[in-house]
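Here the structure comes first, spelled out in structure tokens, and everything after it is commentary.
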Amino acid sequence: MTILRAPVLALLIVSSLPAGVLAQAAPQTRTIPVAGQILTLDECIAIALEAQPAIQATLYDYAAARARVREAFSPLLPQLSGTASAIRSNSIGPTTLATGRTVTFSVSRQPADTFLAQVQLSQLLFDFGKTLAATQVARKLAEVSAEGVELQRQLIALTVKEAYTNILLAQRLIRVQEQALERAELNLASAKGFVDVGTQPQSTAVRAEVDVANARVDLINARNALKIARVSLNTAMAVDASTQTEITDNLEYEPTTIDRAALRAEALRQSPEYRQARLLSSTAEARVQAATRNFLPNITGTGAYGGTQLELNPNWSLGLAFTWNIFDGGNLIAAYDEAKANLGGANARVKVAELTLIQNLEQAEIAVEAAQERIQAARVLIASSQENFRLAQGRFDVGVGTILELTDAQLALTQASNTEAQALADYRIALAQLDRAAGRR
């Protein structure tokens with residue numbers, strides 16, 4: 001490999017790294033206002049992707065991996081160094097004269113007498129592709145790091161979607177519990193009226209009071225769940241946990257048709273975990289190539305120019321070095337065996353990643369389909385529960401129904417409403433997990 005081709009190869013190696021991540025290799029953090037705004041899901045995801053420090057950390061990791069590519073390639077470029085030194089010394093020693101007499105003398109050397117300045121240049125002329133193989137390993141590892149950035153983005157997006165949905169679920173449950181509390185309070189007022197006129201026993205009012213207390217406890221729990229979900233969303237967006245983030249309601253049912261074959265092909269094409277496994281396999285293969293080429297020699301050209309003393313009496317040298325590690329105790333052979341074993345393990349992990357990916361995809365698809373069926377069933381259940389509660393309420397109001405019958409009907413209606421809200425939330429989360437399994441944000 002000649003010096004003229006080396007810079008071109010360096011440019012090609014660095015430019016082959018993923019362009020989408022390359023543009024963000026120098027992370028920047030900005031403060032985005034959240035309080036006082038009503039955010040959509042896309043806006044929440046955008047805020048998280050920009051401000052989340054976990055993503056910033058992976059971007060810095062990728063920037064470091066890109067730098068290691070240049071480090072690995074640098075031996076193919078000229079190596080230039082300079083030295084300058086000056087020594088002041090004084091020595092005392094014996095010497096024997098021609099007469100046979102031994103005398104002691106002193107030698108003093110000043111910096112001007114020992115000054116040395118020299119420039120040295122070396123260029124690796126040919127190493128049978130060892131440096132290029134090492135650079136290929138570094139480049140593959142940089143691509144693995146780039147996939148790590150995308151993986152972290154997808155995980156953060158999924159976290160935001162789940163927290164966003166949990167907020168909407170908590171808000172739905174709060175409304176359900178508020179309605180349940182209103183009904184329980186109306187029933188308590190009716191029960192007390194019946195007890196006052198003597199048409200119902202005192203136990204009727206006591207049971208109605210218990211229902212009111214239970215409804216208040218459920219309302220408190222729902223409000224607490226909302227606070228916890230909001231903290232989770234704020235944390236995912238890297239904003240202050242106590243921020244009163246407001247979001248738009250998208251907890252509506254939109255039927256989805258799943259094309260399993262297309263989703264599987266898409267997941268295998270763009271899932272960062274699967275692509276990481278394949279890149280690690282390519283990295284292991286490149287390591288085997290590097291270990292193979294390490295058995296071969298290096299040819300290096302050297303040159304030096306400089307001078308001694310203050311007058312810089314010029315001197316120069318040119319050289320050609322041929323180095324070959326003939327025997328090192330078996331270290332190179334062991335390194336080659338290690339690289340081969342690592343390649344076998346990496347290839348097996350590609351299959352493991354594929355199986356795991358397909359499993360996650362199938363589970364997400366099943367969850368989406370199950371949630372859709374639960375939504376339909378819950379809506380039928382709500383309609384039946386509403387009619388049952390209306391009948392029980394009418395019977396109780398005219399004095400022919402019992403408080404137990406009314407309480408059971410009210411509880412069934414509340415549970416049906418909770419079931420629908422939960423099914424809608426599960427559906428949204430299942431869709432988010434399906435997108436994540438398919439390698440989408």
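All residue names refer to the structure tokens as shown: chains lettered A, B, ... in order, residues numbered from 1 in each chain, ligands numbered from 1 in order.
For Leu151 (chain A), the residues within 10 Å (counting only C-alpha atoms, excluding itself and residues fewer than 2 positions away along the chain) are A:Ile55, A:Thr58, A:Ser145, A:Ala146, A:Glu147, A:Gly148, A:Val149, A:Arg153, A:Gln154, A:Leu155, A:Ile156, A:Ala157, A:Ser271, A:Pro272, A:Glu273, A:Gln276, A:Arg436, A:Gly439, A:Arg440, A:Arg441.
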Going by DSSP on the backbone, which bits of region 118-360 of chain A are alpha helix (DSSP H)? Write them as an MDAnalysis selection string, please. chainID A and resid 130:197 202:236 260:270 272:293 331:360
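Here CA of Ala64 (chain A) is placed at a distance of 19.0 Å from CA of Gln52 (chain A).
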Just checking: using only C-alpha atoms, which residue out of A:Thr159, A:Thr165, A:Ser417, A:Asn221 ends up closest to Val380 (chain A)? A:Ser417
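Taking only C-alpha atoms into account, Ala117 (chain A) lies nearest to A:Ala84 out of the set A:Ala57, A:Ala84, A:Ala290, A:Leu343.
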